[in-house]
$ cat entry-v1.csv   # CSV, C-alpha atoms
chain,number,residue,atom,x,y,z
I,142,MET,CA,11.1,4.4,-20.4
I,143,ILE,CA,11.3,2.2,-17.3
I,144,PRO,CA,14.4,0.0,-17.4
I,145,ASN,CA,13.8,-3.8,-17.2
I,146,ASP,CA,15.7,-4.8,-14.1
I,147,GLY,CA,19.0,-4.5,-12.3
I,148,ASP,CA,20.9,-1.4,-11.3
I,149,GLU,CA,19.0,1.0,-13.6
I,150,LEU,CA,15.6,0.0,-12.3
I,151,HIS,CA,16.7,0.2,-8.7
I,152,ALA,CA,18.4,3.5,-9.1
I,153,LEU,CA,15.3,4.9,-10.8
I,154,ALA,CA,13.0,3.5,-8.1
I,155,GLY,CA,15.3,4.9,-5.4
I,156,GLU,CA,15.3,8.4,-7.0
I,157,TYR,CA,11.5,8.2,-7.2
I,158,VAL,CA,11.2,7.3,-3.5
I,159,LEU,CA,13.7,10.0,-2.5
I,160,GLY,CA,11.6,12.5,-4.5
I,161,VAL,CA,14.3,13.9,-6.7
I,162,LEU,CA,12.8,13.0,-10.1
I,163,GLU,CA,11.2,15.6,-12.3
I,164,PRO,CA,7.4,15.5,-12.1
I,165,GLU,CA,7.1,14.0,-15.6
I,166,GLU,CA,9.6,11.2,-14.7
I,167,ALA,CA,7.7,10.5,-11.5
I,168,ARG,CA,4.4,10.3,-13.4
I,169,ALA,CA,5.9,7.9,-15.8
I,170,ILE,CA,6.9,5.6,-12.9
I,171,GLU,CA,3.4,5.8,-11.4
I,172,ALA,CA,1.8,5.0,-14.8
I,173,ALA,CA,4.0,1.9,-15.0
I,174,PHE,CA,3.1,0.6,-11.6
I,175,ALA,CA,0.0,-1.3,-12.6
I,176,SER,CA,1.8,-3.5,-15.1
I,177,ASN,CA,5.3,-3.7,-13.8
I,178,ALA,CA,5.8,-5.9,-10.7
I,179,ALA,CA,9.6,-5.5,-10.7
I,180,LEU,CA,9.1,-1.8,-10.4
I,181,ARG,CA,6.6,-2.1,-7.6
I,182,ARG,CA,9.0,-4.4,-5.7
I,183,ALA,CA,11.9,-2.0,-6.2
I,184,VAL,CA,9.9,1.0,-5.0
I,185,ALA,CA,8.7,-1.0,-2.0
I,186,PHE,CA,12.3,-2.0,-1.3
I,187,TRP,CA,13.3,1.7,-1.0
I,188,GLU,CA,10.2,2.8,0.9
I,189,GLU,CA,10.8,0.1,3.5
I,190,ASN,CA,14.6,0.5,3.7
I,191,LEU,CA,14.8,4.3,3.7
I,192,HIS,CA,11.9,4.6,6.1
I,193,PRO,CA,14.1,4.8,9.3
I,194,LEU,CA,15.5,8.0,8.0
I,195,SER,CA,12.1,9.7,8.5
I,196,ALA,CA,12.7,9.4,12.3
I,197,LEU,CA,15.2,12.2,11.9
I,198,ALA,CA,12.3,14.6,11.5
I,199,PRO,CA,11.3,15.5,15.0
I,200,GLN,CA,7.7,14.6,15.9
I,201,ALA,CA,5.4,17.5,16.4
I,202,GLU,CA,1.8,18.1,17.5
I,203,PRO,CA,-0.6,18.9,14.6
I,204,PRO,CA,-3.3,21.5,15.1
I,205,ALA,CA,-6.0,20.3,17.5
I,206,LYS,CA,-8.8,20.6,15.1
I,207,LEU,CA,-7.1,18.8,12.2
I,208,TRP,CA,-8.9,15.5,12.7
I,209,ASP,CA,-12.3,17.2,12.6
I,210,GLY,CA,-11.4,18.7,9.3
I,211,ILE,CA,-10.4,15.3,7.9
I,212,ALA,CA,-13.6,13.6,9.3
I,213,ALA,CA,-15.8,16.3,7.8
I,214,GLN,CA,-14.2,15.8,4.4
I,215,LEU,CA,-14.7,12.0,4.3
I,216,ASP,CA,-18.3,12.4,3.4
I,217,ASP,CA,-17.3,14.2,0.2
I,218,VAL,CA,-14.9,11.7,-1.1
I,219,THR,CA,-15.4,8.2,-2.4
I,220,PRO,CA,-14.9,5.9,0.6
I,221,ALA,CA,-12.6,3.0,0.3
I,222,LYS,CA,-14.6,-0.1,-0.2
I,223,SER,CA,-13.9,-3.3,-2.1
I,224,ARG,CA,-10.3,-4.2,-2.4
I,225,ALA,CA,-8.9,-6.3,-5.2
I,226,PRO,CA,-5.2,-7.1,-5.1
I,227,HIS,CA,-3.6,-5.2,-7.9
I,228,TRP,CA,-2.3,-8.2,-9.7
I,229,TRP,CA,-5.9,-9.0,-10.6
I,230,ASN,CA,-5.7,-6.0,-12.9
I,231,GLN,CA,-2.8,-7.5,-14.7
I,232,PRO,CA,-3.3,-8.9,-18.2
I,233,ALA,CA,-4.3,-12.5,-18.9
I,234,PRO,CA,-5.0,-14.9,-17.4
I,235,TRP,CA,-6.3,-12.7,-14.5
I,236,ARG,CA,-8.6,-10.4,-16.4
I,237,TRP,CA,-12.2,-9.5,-15.9
I,238,THR,CA,-14.7,-10.9,-18.2
I,239,THR,CA,-17.0,-8.4,-19.9
I,240,GLY,CA,-19.2,-11.0,-21.6
I,241,GLY,CA,-22.5,-12.5,-21.2
I,242,PHE,CA,-22.2,-15.1,-18.5
I,243,ALA,CA,-20.8,-12.6,-16.0
I,244,ALA,CA,-23.9,-10.5,-16.4
I,245,ALA,CA,-26.1,-13.6,-16.1
I,246,ALA,CA,-24.3,-14.7,-13.0
I,247,ALA,CA,-24.5,-11.3,-11.3
I,248,ALA,CA,-23.0,-11.5,-7.9
I,249,LEU,CA,-22.2,-13.9,-5.1
I,250,VAL,CA,-22.6,-13.5,-1.4
I,251,LEU,CA,-20.5,-15.7,0.8
I,252,TYR,CA,-21.4,-16.0,4.4
I,253,ILE,CA,-18.9,-17.8,6.5
I,254,ALA,CA,-19.7,-18.5,10.1
I,255,LEU,CA,-17.6,-20.7,12.4
I,256,ALA,CA,-18.4,-22.4,15.7
I,257,PRO,CA,-18.7,-19.8,18.5
I,258,ALA,CA,-15.1,-20.2,19.7
I,259,SER,CA,-13.8,-19.7,16.2
I,260,PRO,CA,-13.5,-16.5,14.1
I,261,ARG,CA,-16.6,-15.6,12.1
I,262,TYR,CA,-16.3,-14.1,8.7
I,263,VAL,CA,-18.4,-12.7,6.0
I,264,ALA,CA,-17.5,-12.1,2.4
I,265,ILE,CA,-19.6,-10.6,-0.4
I,266,LEU,CA,-18.5,-11.5,-3.9
I,267,HIS,CA,-19.6,-9.3,-6.8
I,268,ALA,CA,-19.3,-9.6,-10.5
I,269,PRO,CA,-17.8,-6.4,-11.9
I,270,HIS,CA,-20.4,-3.7,-11.9
I,271,GLU,CA,-23.1,-5.9,-10.4
I,272,ASP,CA,-24.4,-6.2,-6.9
I,273,GLN,CA,-27.1,-8.8,-7.0
I,274,ALA,CA,-26.5,-11.8,-4.7
I,275,SER,CA,-26.3,-15.2,-6.4
I,276,PHE,CA,-24.6,-17.4,-3.8
I,277,VAL,CA,-24.6,-17.8,-0.1
I,278,ALA,CA,-21.7,-19.6,1.6
I,279,THR,CA,-21.6,-20.7,5.2
I,280,VAL,CA,-19.0,-22.4,7.5
I,281,ALA,CA,-20.3,-24.6,10.2
I,282,ARG,CA,-18.2,-26.8,12.4
I,283,GLY,CA,-15.1,-25.7,10.6
I,284,GLY,CA,-16.5,-26.5,7.1
I,285,LEU,CA,-17.1,-24.0,4.3
I,286,THR,CA,-20.3,-24.3,2.2
I,287,VAL,CA,-21.0,-22.1,-0.9
I,288,ARG,CA,-24.6,-22.2,-2.1
I,289,ALA,CA,-26.3,-20.7,-5.1
I,290,VAL,CA,-29.2,-18.4,-4.3
I,291,ALA,CA,-29.8,-17.2,-7.9
I,292,ALA,CA,-29.0,-18.6,-11.3
I,293,ALA,CA,-25.2,-18.6,-11.8
I,294,SER,CA,-23.6,-21.1,-14.1
I,295,PRO,CA,-20.3,-21.2,-15.9
I,296,PRO,CA,-20.2,-21.2,-19.7
I,297,ALA,CA,-20.6,-24.6,-21.5
I,298,GLU,CA,-17.7,-27.0,-21.0
I,299,HIS,CA,-16.4,-25.0,-18.1
I,300,ALA,CA,-16.6,-24.9,-14.3
I,301,PHE,CA,-16.4,-22.3,-11.6
I,302,GLU,CA,-13.4,-22.7,-9.3
I,303,LEU,CA,-13.2,-21.0,-5.9
I,304,TRP,CA,-10.0,-19.3,-4.7
I,305,ALA,CA,-8.8,-17.7,-1.4
I,306,ILE,CA,-6.0,-15.1,-1.4
I,307,ALA,CA,-4.4,-14.3,2.0
I,308,PRO,CA,-3.8,-10.6,2.8
I,309,GLY,CA,-0.9,-9.5,0.7
I,310,ALA,CA,-0.3,-12.9,-0.8
I,311,ALA,CA,1.2,-13.1,-4.3
I,312,ARG,CA,-0.8,-16.2,-5.3
I,313,PRO,CA,-4.3,-17.5,-4.6
I,314,GLN,CA,-5.0,-20.8,-2.9
I,315,ALA,CA,-7.2,-23.2,-4.8
I,316,LEU,CA,-10.3,-24.2,-2.7
I,317,GLY,CA,-11.9,-26.4,-5.4
I,318,VAL,CA,-14.4,-26.6,-8.2
I,319,ILE,CA,-18.0,-25.6,-7.5
I,320,PRO,CA,-20.2,-28.5,-8.5
I,321,ALA,CA,-22.9,-28.1,-11.2
I,322,ASN,CA,-25.7,-28.1,-8.6
I,323,GLY,CA,-24.2,-24.9,-7.2
I,324,VAL,CA,-23.3,-26.2,-3.8
I,325,PHE,CA,-19.7,-26.3,-2.8
I,326,ARG,CA,-18.5,-27.9,0.5
I,327,ALA,CA,-15.0,-28.0,2.0
I,328,ARG,CA,-13.9,-29.4,5.4
I,329,GLY,CA,-11.9,-27.1,7.7
I,330,LEU,CA,-10.8,-23.6,7.1
I,331,PRO,CA,-8.4,-23.0,4.3
I,332,SER,CA,-5.2,-21.4,5.6
I,333,ALA,CA,-5.6,-18.3,3.3
I,334,LEU,CA,-9.1,-17.7,4.5
I,335,ARG,CA,-8.9,-15.1,7.2
I,336,ASP,CA,-9.8,-11.5,7.9
I,337,GLY,CA,-8.7,-9.3,5.1
I,338,ALA,CA,-8.4,-12.2,2.7
I,339,THR,CA,-10.1,-12.1,-0.7
I,340,LEU,CA,-12.3,-14.8,-2.2
I,341,ALA,CA,-12.6,-15.2,-5.9
I,342,ILE,CA,-14.3,-17.4,-8.5
I,343,SER,CA,-12.8,-18.0,-11.9
I,344,VAL,CA,-13.9,-19.9,-15.0
I,345,GLU,CA,-11.8,-23.0,-15.5
I,346,PRO,CA,-11.8,-26.2,-17.5
I,347,PRO,CA,-14.1,-29.0,-16.1
I,348,GLY,CA,-12.3,-30.4,-13.1
I,349,GLY,CA,-10.5,-27.1,-12.3
I,350,SER,CA,-7.4,-25.3,-13.2
I,351,PRO,CA,-4.6,-27.7,-14.4
I,352,THR,CA,-1.9,-25.4,-13.0
I,353,GLN,CA,-3.1,-24.7,-9.4
I,354,GLN,CA,-3.4,-21.1,-10.5
I,355,PRO,CA,-6.4,-19.5,-12.2
I,356,THR,CA,-6.2,-19.8,-16.0
I,357,GLY,CA,-9.6,-18.2,-16.9
I,358,PRO,CA,-11.2,-14.9,-16.1
I,359,VAL,CA,-12.2,-14.0,-12.6
I,360,VAL,CA,-15.9,-13.5,-12.5
I,361,PHE,CA,-16.7,-12.9,-8.9
I,362,VAL,CA,-14.6,-11.3,-6.2
I,363,GLY,CA,-15.0,-10.0,-2.7
I,364,ALA,CA,-13.3,-9.3,0.7
I,365,VAL,CA,-13.4,-11.5,3.7
I,366,GLU,CA,-14.3,-9.6,6.8
I,367,ALA,CA,-14.5,-10.7,10.5
I,368,LEU,CA,-18.0,-10.4,12.0
S,193,MET,CA,-19.6,3.4,10.1
S,194,ASP,CA,-17.4,3.8,13.1
S,195,ASP,CA,-15.8,0.5,14.0
S,196,PRO,CA,-15.4,0.3,17.8
S,197,GLN,CA,-13.2,-2.8,17.3
S,198,ALA,CA,-10.7,-0.7,15.4
S,199,THR,CA,-9.9,1.4,18.5
S,200,GLY,CA,-8.1,-1.6,20.1
S,201,LEU,CA,-5.9,-2.2,17.1
S,202,THR,CA,-2.3,-1.0,17.1
S,203,SER,CA,-0.8,-2.6,14.0
S,204,THR,CA,-0.5,0.0,11.3
S,205,GLY,CA,-0.8,-2.5,8.5
S,206,VAL,CA,-3.9,-4.1,10.0
S,207,LEU,CA,-5.5,-0.7,10.5
S,208,ILE,CA,-4.8,0.3,6.9
S,209,GLU,CA,-6.5,-2.9,5.7
S,210,ALA,CA,-9.5,-2.1,7.9
S,211,VAL,CA,-9.5,1.4,6.3
S,212,ALA,CA,-9.5,-0.2,2.9
S,213,ARG,CA,-12.7,-2.0,3.9
S,214,GLY,CA,-14.3,1.4,4.8
S,215,SER,CA,-13.8,1.6,8.6
S,216,ARG,CA,-13.7,5.2,9.7
S,217,GLY,CA,-12.8,4.0,13.2
S,218,ALA,CA,-9.7,2.5,11.8
S,219,LEU,CA,-8.8,5.7,10.1
S,220,LYS,CA,-9.3,7.7,13.3
S,221,ARG,CA,-7.1,5.2,15.2
S,222,LEU,CA,-4.4,5.5,12.5
S,223,TYR,CA,-4.5,9.3,13.0
S,224,GLU,CA,-4.2,8.9,16.8
S,225,LEU,CA,-1.2,6.7,16.4
S,226,GLU,CA,0.6,8.3,13.6
S,227,SER,CA,-0.3,12.0,13.2
S,228,ARG,CA,2.5,13.4,15.4
S,229,ARG,CA,5.1,11.4,13.6
S,230,LEU,CA,3.7,12.2,10.1
S,231,TYR,CA,3.1,15.9,10.9
S,232,GLY,CA,6.8,16.0,11.9
S,233,VAL,CA,7.8,14.4,8.6
S,234,ALA,CA,5.7,17.0,6.7
S,235,LEU,CA,6.8,20.0,8.7
S,236,ARG,CA,10.5,19.1,8.1
S,237,ILE,CA,9.9,19.2,4.4
S,238,VAL,CA,7.5,22.1,4.0
S,239,ARG,CA,8.7,24.2,7.0
S,240,ARG,CA,5.4,26.0,7.5
S,241,PRO,CA,3.0,24.8,10.1
S,242,GLU,CA,-0.1,25.7,8.1
S,243,THR,CA,1.2,24.0,5.0
S,244,ALA,CA,2.2,20.9,7.0
S,245,ALA,CA,-1.4,20.8,8.4
S,246,ASP,CA,-2.8,20.9,4.9
S,247,VAL,CA,-0.4,18.2,3.8
S,248,LEU,CA,-1.4,15.9,6.7
S,249,GLN,CA,-5.1,16.5,6.0
S,250,GLU,CA,-4.7,15.7,2.3
S,251,ALA,CA,-2.6,12.7,3.1
S,252,PHE,CA,-5.3,11.2,5.4
S,253,ILE,CA,-8.0,11.8,2.8
S,254,GLN,CA,-5.7,10.0,0.3
S,255,VAL,CA,-5.2,7.1,2.7
S,256,TRP,CA,-9.0,6.9,3.0
S,257,GLN,CA,-9.4,6.8,-0.8
S,258,ASN,CA,-6.4,4.6,-1.6
S,259,ALA,CA,-5.9,2.3,1.3
S,260,LYS,CA,-7.0,-0.6,-1.0
S,261,SER,CA,-3.9,-0.1,-3.0
S,262,PHE,CA,-1.8,-0.9,0.1
S,263,SER,CA,-0.6,-4.4,0.3
S,264,ALA,CA,2.2,-6.3,2.0
S,265,GLU,CA,4.0,-6.1,-1.3
S,266,ARG,CA,4.3,-2.3,-0.6
S,267,GLY,CA,6.1,-3.1,2.6
S,268,ALA,CA,5.2,-2.1,6.2
S,269,GLY,CA,2.2,0.1,6.8
S,270,ALA,CA,4.2,2.9,8.6
S,271,ALA,CA,6.6,3.2,5.6
S,272,TRP,CA,3.6,3.3,3.2
S,273,LEU,CA,2.0,6.1,5.2
S,274,THR,CA,5.3,8.0,5.3
S,275,GLY,CA,5.5,7.7,1.6
S,276,VAL,CA,2.0,9.2,1.1
S,277,VAL,CA,2.8,12.2,3.4
S,278,ARG,CA,6.3,12.8,1.9
S,279,PHE,CA,4.9,12.9,-1.7
S,280,ARG,CA,2.1,15.3,-0.6
S,281,ALA,CA,4.7,17.4,1.1
S,282,LEU,CA,7.0,17.4,-1.9
S,283,ASP,CA,4.1,18.4,-4.1
S,284,ALA,CA,3.3,21.3,-1.8
S,285,VAL,CA,7.0,22.5,-1.7
S,286,ARG,CA,7.3,22.3,-5.5
S,287,LYS,CA,4.0,24.3,-5.9
S,288,LEU,CA,4.4,26.9,-3.1
S,289,GLY,CA,8.2,27.1,-2.7
S,290,ARG,CA,9.8,26.7,0.7
S,291,GLU,CA,11.0,28.7,3.5
S,292,VAL,CA,14.7,29.3,3.3
S,293,LEU,CA,16.5,27.6,6.2
S,294,SER,CA,17.8,30.1,8.6
S,295,ASP,CA,20.6,27.8,9.7
S,296,ASP,CA,20.1,29.1,13.2
S,297,PRO,CA,20.6,26.0,15.4
S,298,ALA,CA,18.6,27.8,18.1
S,299,LEU,CA,15.6,27.6,15.8
S,300,GLY,CA,16.2,23.9,15.2
S,301,ASP,CA,16.4,25.1,11.6
S,302,GLU,CA,19.7,23.9,10.3
S,303,ALA,CA,19.8,21.3,7.6
S,304,LEU,CA,20.8,17.8,8.6
S,305,GLU,CA,24.5,17.0,8.2
S,306,PRO,CA,26.3,13.7,7.8
S,307,GLY,CA,26.8,13.1,11.5
S,308,VAL,CA,23.1,13.0,11.8
S,309,ILE,CA,23.0,9.3,11.1
S,310,GLU,CA,24.2,8.8,14.6
S,311,GLN,CA,20.7,10.0,15.7
S,312,ILE,CA,19.0,7.2,13.9
S,313,ASP,CA,17.4,5.0,16.4
S,314,ALA,CA,19.4,1.8,16.4
S,315,LYS,CA,16.3,-0.3,16.4
S,316,ALA,CA,16.4,-3.6,14.6
S,317,GLU,CA,14.8,-2.3,11.4
S,318,ALA,CA,17.1,0.7,11.3
S,319,GLY,CA,20.3,-1.1,12.0
S,320,ALA,CA,21.0,-2.3,8.5
S,321,LEU,CA,20.3,1.2,7.0
S,322,LYS,CA,22.6,2.8,9.6
S,323,ARG,CA,25.4,0.4,9.0
S,324,CYS,CA,25.1,0.8,5.2
S,325,LEU,CA,24.8,4.6,5.3
S,326,ALA,CA,28.0,4.6,7.3
S,327,LEU,CA,29.8,2.9,4.4
S,328,LEU,CA,28.8,5.5,1.8
S,329,ASP,CA,31.2,8.4,1.0
S,330,ASP,CA,30.2,11.6,2.7
S,331,ARG,CA,28.8,13.3,-0.4
S,332,SER,CA,26.5,10.4,-1.3
S,333,ARG,CA,25.3,10.1,2.3
S,334,ARG,CA,24.5,13.8,2.5
S,335,CYS,CA,22.6,13.7,-0.8
S,336,VAL,CA,20.4,10.7,0.3
S,337,VAL,CA,19.7,12.3,3.7
S,338,LEU,CA,19.0,15.8,2.4
S,339,ALA,CA,16.6,14.4,-0.3
S,340,PHE,CA,14.7,12.0,2.0
S,341,VAL,CA,14.4,14.0,5.2
S,342,GLU,CA,14.5,17.6,3.9
S,343,GLY,CA,12.8,16.8,0.6
S,344,PHE,CA,15.5,18.6,-1.3
S,345,SER,CA,15.6,18.4,-5.1
S,346,HIS,CA,18.8,17.7,-7.0
S,347,ALA,CA,19.1,21.5,-7.6
S,348,GLU,CA,18.6,22.3,-3.9
S,349,ILE,CA,21.2,19.8,-2.9
S,350,ALA,CA,23.6,21.2,-5.4
S,351,GLU,CA,23.1,24.7,-3.9
S,352,ARG,CA,23.5,23.4,-0.4
S,353,LEU,CA,26.7,21.5,-1.2
S,354,ALA,CA,28.0,24.2,-3.6
S,355,ALA,CA,28.5,21.4,-6.1
S,356,PRO,CA,27.6,21.1,-9.8
S,357,LEU,CA,24.2,19.6,-10.5
S,358,GLY,CA,25.6,16.7,-12.6
S,359,SER,CA,27.8,15.7,-9.7
S,360,VAL,CA,24.9,15.7,-7.3
S,361,LYS,CA,22.9,13.5,-9.6
S,362,SER,CA,25.7,11.0,-9.8
S,363,TRP,CA,26.3,11.1,-6.1
S,364,VAL,CA,22.7,10.3,-5.4
S,365,ARG,CA,22.7,7.5,-7.9
S,366,ARG,CA,25.9,6.0,-6.7
S,367,GLY,CA,24.7,6.3,-3.1
S,368,LEU,CA,21.5,4.4,-3.9
S,369,LEU,CA,23.3,1.6,-5.7
S,370,ALA,CA,25.9,1.2,-2.9
S,371,LEU,CA,23.1,1.2,-0.3
S,372,ARG,CA,21.2,-1.4,-2.2
S,373,SER,CA,24.2,-3.7,-2.6
S,374,CYS,CA,24.9,-3.3,1.1
S,375,LEU,CA,21.3,-3.8,2.2
S,376,GLU,CA,20.9,-6.9,0.2
S,377,SER,CA,24.1,-8.5,1.3
$ encode --input "entry-v1.csv" --output "structure tokens"
Amino acid sequence: MIPNDGDELHALAGEYVLGVLEPEEARAIEAAFASNAALRRAVAFWEENLHPLSALAPQAEPPAKLWDGIAAQLDDVTPAKSRAPHWWNQPAPWRWTTGGFAAAAAALVLYIALAPASPRYVAILHAPHEDQASFVATVARGGLTVRAVAAASPPAEHAFELWAIAPGAARPQALGVIPANGVFRARGLPSALRDGATLAISVEPPGGSPTQQPTGPVVFVGAVEAL
Amino acid sequence: MDDPQATGLTSTGVLIEAVARGSRGALKRLYELESRRLYGVALRIVRRPETAADVLQEAFIQVWQNAKSFSAERGAGAAWLTGVVRFRALDAVRKLGREVLSDDPALGDEALEPGVIEQIDAKAEAGALKRCLALLDDRSRRCVVLAFVEGFSHAEIAERLAAPLGSVKSWVRRGLLALRSCLES
């Protein structure tokens, strides 16, 4: 059992980071990560704060061929690709839809290009388990445009709302509702929209989320990358 | 797949995020910047160069696969990397056993002792930890340092300090709680 909060939680998280827990206790902690934000924060606290101690281990030169061995192994393992902040995996309201309209809507591609002096980004948004492009978005003269390139519409009596999540941010920034004609425009570059950010589209009531945070399922998601 | 832009990057956190997007160039850059430090961390725990090399290799493969789970919520990139390496090293030690320390200072092989906190670089980010460690009683401080740096289990610490296991467990716990209260004040 993972304690709820306070001293018990922090002592346990500290013991986990020190590495003194029994293997089964450590596994219980790891199993609870996904659903327990207080535990994740407590572990991060200890990782961060105890880290200077690691400097007591003298640096040493690893074997010369070690990198070659690592590089050779990369082909055999699943490469890191799409990144979704883990809080998206938490229960409602941030949950993936599994139903019909997600499959119909397939995937979004967002293409974001700024004026030459500005950063240029691209983002590809996929529905879970889909890779077909349904939208293209561009930024010109500092404005973001999202455009449908294939049929993608929200369920009846609902709207798609666009969100940007800055790298490491706890909460998404609302960018606005995508109009029924499938073309969304915004002036300027939202503060959360930068390299390493994530873009997402959720299903919301007409007019958008009443809470400034997503209330319905996230149906498309993708990483923003600098070109 | 190599990303030439990544070779100019120096921030560990930014590199890990680039690795999360599939950049091998960023992973290689991370290796160049961090492998000596991380190999040292692994070697201190496992004590055998060939095991430390295996640990470092496994750790970088794990970073390649799991970089997407890194986020600012997990803290700084360097601390996250150290965590990956330490846990790999602890796994190896629990599986393979460890070399017994010779305690011969000439071999650089003696376990760290309480005065060792003086060696912690007094950089800004280490200052708080150093100050707070100094406030702990000796036994708790030794427990925390032996566990984190040497990778000692409760039982190994108990043997080292010739103390009952139950006492060691409570010194570790008490040390952690005192540290937290100091670090957060």
$ closest_residue --input "entry-v1.csv" --among "S:Ala355, S:Ala326, S:Val238, S:Leu230" --to "chain I" --atoms "all atoms listed in the file"
S:Leu230
$ residues_around --input "entry-v1.csv" --residues "Leu316 of chain I" --least-positions-apart "4" --cutoff "10 Å" --atoms "only C-alpha atoms" --output "list in words"
Leu285, Glu302, Leu303, Trp304, Ala305, Phe325, Arg326, Ala327, Leu330, Pro331, Ala333, Leu334, Leu340, Ala341, Ile342 and Gln353 of chain I
$ write_last_selection --input "entry-v1.csv" --atoms "C-alpha atoms" --output "tab-separated table (two decimals), keeping the file's coordinate frame"
chain	number	residue	atom	x	y	z
I	285	LEU	CA	-17.10	-24.00	4.30
I	302	GLU	CA	-13.40	-22.70	-9.30
I	303	LEU	CA	-13.20	-21.00	-5.90
I	304	TRP	CA	-10.00	-19.30	-4.70
I	305	ALA	CA	-8.80	-17.70	-1.40
I	325	PHE	CA	-19.70	-26.30	-2.80
I	326	ARG	CA	-18.50	-27.90	0.50
I	327	ALA	CA	-15.00	-28.00	2.00
I	330	LEU	CA	-10.80	-23.60	7.10
I	331	PRO	CA	-8.40	-23.00	4.30
I	333	ALA	CA	-5.60	-18.30	3.30
I	334	LEU	CA	-9.10	-17.70	4.50
I	340	LEU	CA	-12.30	-14.80	-2.20
I	341	ALA	CA	-12.60	-15.20	-5.90
I	342	ILE	CA	-14.30	-17.40	-8.50
I	353	GLN	CA	-3.10	-24.70	-9.40
$ closest_residue --input "entry-v1.csv" --among "S:Gln249, S:Ser362, S:Thr204, S:Ser332" --to "chain I" --atoms "all atoms listed in the file"
S:Gln249
$ closest_residue --input "entry-v1.csv" --among "S:Lys322, S:Arg216, S:Lys260, S:Arg239" --to "chain I" --atoms "all atoms listed in the file"
S:Lys260
$ closest_residue --input "entry-v1.csv" --among "I:Val218, I:Ala311, I:Arg181, I:Val359" --to "Gly214 of chain S" --atoms "all atoms listed in the file"
I:Val218
$ atom_distance --input "entry-v1.csv" --atom1 "atom CA of Ala172 of chain I" --atom2 "atom CA of Glu156 of chain I"
16.0 Å
$ residues_around --input "entry-v1.csv" --residues "Ile143 of chain I" --least-positions-apart "2" --cutoff "9 Å" --atoms "all atoms listed in the file" --output "NGL selection string"
:I and (145-146 or 149-150 or 153 or 169-170 or 173 or 180)
$ atom_distance --input "entry-v1.csv" --atom1 "atom CA of Cys374 of chain S" --atom2 "atom CA of Val277 of chain S"
27.1 Å
$ closest_residue --input "entry-v1.csv" --among "I:Gly363, I:Gly323, I:Gly337, I:Gly329" --to "chain S" --atoms "all atoms listed in the file"
I:Gly337
